[in-house]
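Step one of this worksheet: look at the structure below.
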Amino acid sequence: MKNFPGRDKRGKSVSALRDVTLNVEKGEIFGVTGARGSGKSTLLRSVNVLDRPTKGRVVVQDNNMVKLSAESLRKARQNIGMVTREAHLLECSSVYENIALPLKLTGVSSSEIKRRTETYLAFTGLETKQSAYPQELTELEKQKTALTRTLALEPEILLCDEVTDLLDREGAASLISLLLNVNKEFHTTMLVSTRNIETICKLCDRAAVMASGKIVEQAPVIDLLSNPQSEEAKALISRLFPVWAPEEMKPVVTQAGQAVTLTYAGRATIKPAYALAAKKYNVFMNILTATVLQLKNESFSRMVVHIQGSDKDISSSLEFLKGEGIGIERLDPDDF
Ligand SMILES: Nc1ncnc2c1ncn2[C@@H]1O[C@H](COP(=O)(O)OP(=O)(O)OP(=O)(O)O)[C@@H](O)[C@H]1O
């Protein structure tokens, strides 16, 4: 639980976290998403006690962080890296110096500083930028510098607070793929907060959806996508997969046949299930929209399809597709 004193419109305290229970497994990437002000950043900042919980425990590697002495907390924090929406680089220092300085402050030897700075600059692909100053960098390069600075401290846990939010789509994709490499290479446990559901899908193993300081749902990303339970999760997912038909198709789609969403999760569609269903049951399938998302370990696709044929054949073809592991949702004309 976390209350902030006297900051709402009427000067009352703000209840930023309420009844939050979350377990992040070693080596996994766990996402936290939700609307603005739902408590994501406060949750992340509770892990390293930048925001001290009003009540409750924060256990990191068997240490209850809220009970540690100042000195033990300082040591425990060295194992918890944090990257935020803004890179917060020293403007008068080069990329190299920005990475080397925190190492120097933690007492790392000069030869080890050189080794680590060079190693992690190579890992993040910033070698050619090491002499550049922050004002010469793109937003993506700034975020990569901040990430390199954190990686060089070799934390086992990484908190990523809205790290892709200032980047364009291409920049976000590049940072996401770098974070996936970090997780793969160093087995770093990550807790990632973002309002962007696409970032959660591409990066995380599991995720929690927050609303008004509470976790309303938590599940593996694939389950969240295929079967969201809470209104908040449903709203987030529907942004990724809009139900849509071209204007000229609407009379056809809404008056005859059956419109459905077909959802498939897996590494590859081995059988041509849709073609088989069409042939076997003599139905015609017209794909109106299709979205394929590459998740961390598999792909996930959702299509909006209009099926024409007799009612019996449509039902049989849908039963067949269900048997092939494809998720089916019948749509109403009002959904378009
Ligand atoms: N230092 C603070 N003092 C007072 N209130 C705060 C403080 N930090 C956060 N809050 C309040 O706590 C609530 C949760 O804020 P938080 O920043 O954790 O949400 P968020 O989900 O990360 O939002 P965003 O997506 O906008 O970053 C909000 O009502 C916010 O105004």
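In the structure tokens, chains take letters A, B, ... by order of appearance, with residues numbered from 1 within each chain and ligands from 1 in the order shown.
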message = Neighbouring residues of A:Ser310 were defined as those with any atom within 10 Å, considering only C-alpha atoms; residues of the same chain fewer than 3 positions away were excluded. Please report them as a PyMOL selection string.
response = chain A and resi 256-258+281-283+307+313-316
task = Find the residues around A:Leu159 up to 8 Å (only C-alpha atoms counted), leave out those fewer than 3 positions away in its own chain, and share them as a list in words.
result = Leu44, Ile80, Gly81, Met82, Val83, Met190, Leu191 and Val192 of chain A
Could those residues be written to a file, using N, CA and C atoms, as a PDB file, in the first residue's frame?
```pdb
ATOM      1  N   LEU A  44       6.797   0.360  -9.474  1.00  0.00           N
ATOM      2  CA  LEU A  44       8.205   0.114  -9.797  1.00  0.00           C
ATOM      3  C   LEU A  44       9.129   0.775  -8.774  1.00  0.00           C
ATOM      4  N   ILE A  80      19.810  -3.552  -8.331  1.00  0.00           N
ATOM      5  CA  ILE A  80      18.538  -3.234  -9.007  1.00  0.00           C
ATOM      6  C   ILE A  80      18.759  -2.008  -9.894  1.00  0.00           C
ATOM      7  N   GLY A  81      18.937  -2.262 -11.190  1.00  0.00           N
ATOM      8  CA  GLY A  81      19.131  -1.137 -12.116  1.00  0.00           C
ATOM      9  C   GLY A  81      17.796  -0.504 -12.461  1.00  0.00           C
ATOM     10  N   MET A  82      17.849   0.765 -12.867  1.00  0.00           N
ATOM     11  CA  MET A  82      16.600   1.418 -13.259  1.00  0.00           C
ATOM     12  C   MET A  82      16.840   2.308 -14.479  1.00  0.00           C
ATOM     13  N   VAL A  83      15.965   2.196 -15.459  1.00  0.00           N
ATOM     14  CA  VAL A  83      15.995   3.077 -16.632  1.00  0.00           C
ATOM     15  C   VAL A  83      14.610   3.706 -16.714  1.00  0.00           C
ATOM     16  N   MET A 190      13.300  -8.564 -15.237  1.00  0.00           N
ATOM     17  CA  MET A 190      12.870  -7.197 -15.566  1.00  0.00           C
ATOM     18  C   MET A 190      11.436  -6.940 -15.150  1.00  0.00           C
ATOM     19  N   LEU A 191      11.224  -5.750 -14.630  1.00  0.00           N
ATOM     20  CA  LEU A 191       9.868  -5.268 -14.351  1.00  0.00           C
ATOM     21  C   LEU A 191       9.696  -4.009 -15.199  1.00  0.00           C
ATOM     22  N   VAL A 192       8.724  -4.049 -16.086  1.00  0.00           N
ATOM     23  CA  VAL A 192       8.593  -3.014 -17.113  1.00  0.00           C
ATOM     24  C   VAL A 192       7.244  -2.313 -16.967  1.00  0.00           C
TER      25      VAL A 192
END
```
request  = Pick out each residue of stretch 86-280 of chain A that DSSP on the backbone tags as strand (DSSP E or B); I need them as JSON, numbers by chain.
outcome  = {"A": [157, 158, 159, 160, 161, 189, 190, 191, 192, 193, 206, 207, 208, 209, 210, 211, 214, 215, 216, 217, 218, 219, 220, 258, 259, 260, 261, 262, 263, 264, 265, 266]}
inquiry  = Neighbouring residues of stretch 154-157 of chain A were defined as those with any atom within 10 Å, considering only C-alpha atoms; residues of the same chain fewer than 4 positions away were excluded. Please report them as a VMD selection string.
reply    = chain A and resid 26 to 29 60 to 61 76 to 82 116 120 148 to 150 183 186 to 191
Take the selection from the previous step and output its residues with N, CA and C atoms, as an mmCIF file, in the first residue's frame.
```cif
data_model
loop_
_atom_site.group_PDB
_atom_site.id
_atom_site.type_symbol
_atom_site.label_atom_id
_atom_site.label_comp_id
_atom_site.auth_asym_id
_atom_site.auth_seq_id
_atom_site.Cartn_x
_atom_site.Cartn_y
_atom_site.Cartn_z
ATOM 1 N N LYS A 26 12.514 -15.111 -11.083
ATOM 2 C CA LYS A 26 13.880 -14.839 -11.529
ATOM 3 C C LYS A 26 13.985 -15.061 -13.041
ATOM 4 N N GLY A 27 14.547 -14.099 -13.736
ATOM 5 C CA GLY A 27 14.803 -14.249 -15.176
ATOM 6 C C GLY A 27 13.628 -13.907 -16.078
ATOM 7 N N GLU A 28 12.470 -13.585 -15.519
ATOM 8 C CA GLU A 28 11.330 -13.277 -16.404
ATOM 9 C C GLU A 28 11.213 -11.770 -16.659
ATOM 10 N N ILE A 29 10.479 -11.435 -17.685
ATOM 11 C CA ILE A 29 10.163 -10.029 -17.957
ATOM 12 C C ILE A 29 8.688 -9.848 -17.639
ATOM 13 N N VAL A 60 12.997 -8.605 -2.172
ATOM 14 C CA VAL A 60 13.863 -8.768 -3.343
ATOM 15 C C VAL A 60 15.017 -9.666 -2.917
ATOM 16 N N GLN A 61 15.119 -10.803 -3.557
ATOM 17 C CA GLN A 61 16.153 -11.791 -3.241
ATOM 18 C C GLN A 61 16.256 -12.025 -1.729
ATOM 19 N N ALA A 76 21.734 -3.149 -1.493
ATOM 20 C CA ALA A 76 20.698 -3.925 -2.211
ATOM 21 C C ALA A 76 20.329 -3.220 -3.512
ATOM 22 N N ARG A 77 20.305 -1.887 -3.468
ATOM 23 C CA ARG A 77 19.933 -1.121 -4.676
ATOM 24 C C ARG A 77 20.954 -1.278 -5.799
ATOM 25 N N GLN A 78 22.195 -1.617 -5.435
ATOM 26 C CA GLN A 78 23.215 -1.779 -6.485
ATOM 27 C C GLN A 78 22.875 -2.947 -7.420
ATOM 28 N N ASN A 79 22.053 -3.843 -6.908
ATOM 29 C CA ASN A 79 21.677 -5.002 -7.728
ATOM 30 C C ASN A 79 20.380 -4.761 -8.503
ATOM 31 N N ILE A 80 19.810 -3.552 -8.331
ATOM 32 C CA ILE A 80 18.538 -3.234 -9.007
ATOM 33 C C ILE A 80 18.759 -2.008 -9.894
ATOM 34 N N GLY A 81 18.937 -2.262 -11.190
ATOM 35 C CA GLY A 81 19.131 -1.137 -12.116
ATOM 36 C C GLY A 81 17.796 -0.504 -12.461
ATOM 37 N N MET A 82 17.849 0.765 -12.867
ATOM 38 C CA MET A 82 16.600 1.418 -13.259
ATOM 39 C C MET A 82 16.840 2.308 -14.479
ATOM 40 N N ARG A 116 34.420 -2.856 -18.578
ATOM 41 C CA ARG A 116 32.952 -2.893 -18.579
ATOM 42 C C ARG A 116 32.369 -1.860 -19.545
ATOM 43 N N TYR A 120 29.991 -3.143 -22.592
ATOM 44 C CA TYR A 120 28.551 -2.853 -22.674
ATOM 45 C C TYR A 120 28.227 -1.864 -23.797
ATOM 46 N N THR A 148 23.020 1.364 -21.163
ATOM 47 C CA THR A 148 24.418 0.895 -21.059
ATOM 48 C C THR A 148 24.987 1.250 -19.682
ATOM 49 N N ARG A 149 24.688 2.476 -19.243
ATOM 50 C CA ARG A 149 25.159 2.943 -17.924
ATOM 51 C C ARG A 149 24.655 1.990 -16.833
ATOM 52 N N THR A 150 23.407 1.567 -16.948
ATOM 53 C CA THR A 150 22.825 0.662 -15.940
ATOM 54 C C THR A 150 23.406 -0.746 -16.072
ATOM 55 N N ASN A 183 17.897 -9.641 -21.583
ATOM 56 C CA ASN A 183 17.270 -10.725 -20.822
ATOM 57 C C ASN A 183 17.841 -12.086 -21.229
ATOM 58 N N PHE A 186 21.968 -11.991 -20.279
ATOM 59 C CA PHE A 186 22.379 -11.886 -18.866
ATOM 60 C C PHE A 186 21.334 -12.463 -17.902
ATOM 61 N N HIS A 187 20.238 -12.988 -18.433
ATOM 62 C CA HIS A 187 19.140 -13.547 -17.614
ATOM 63 C C HIS A 187 18.629 -12.532 -16.598
ATOM 64 N N THR A 188 18.677 -11.268 -16.978
ATOM 65 C CA THR A 188 18.240 -10.202 -16.078
ATOM 66 C C THR A 188 16.721 -10.282 -15.870
ATOM 67 N N THR A 189 16.315 -10.208 -14.611
ATOM 68 C CA THR A 189 14.887 -10.153 -14.293
ATOM 69 C C THR A 189 14.417 -8.723 -14.548
ATOM 70 N N MET A 190 13.300 -8.564 -15.237
ATOM 71 C CA MET A 190 12.870 -7.197 -15.566
ATOM 72 C C MET A 190 11.436 -6.940 -15.150
ATOM 73 N N LEU A 191 11.224 -5.750 -14.630
ATOM 74 C CA LEU A 191 9.868 -5.268 -14.351
ATOM 75 C C LEU A 191 9.696 -4.009 -15.199
#
```
task = For A:Leu225, please output as a ChimeraX atom specification all residues within 10 Å (counting only C-alpha atoms; exclusion window: fewer than 2 positions along the same chain).
result = /A:197,201,219-223,227-229,233-234,236-238,240-241,263,265,300-302
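Closest approach to A:Lys296 among A:Glu91, A:Ile200, A:Ala132, A:Arg36 is made by A:Ile200 (distances from only C-alpha atoms).
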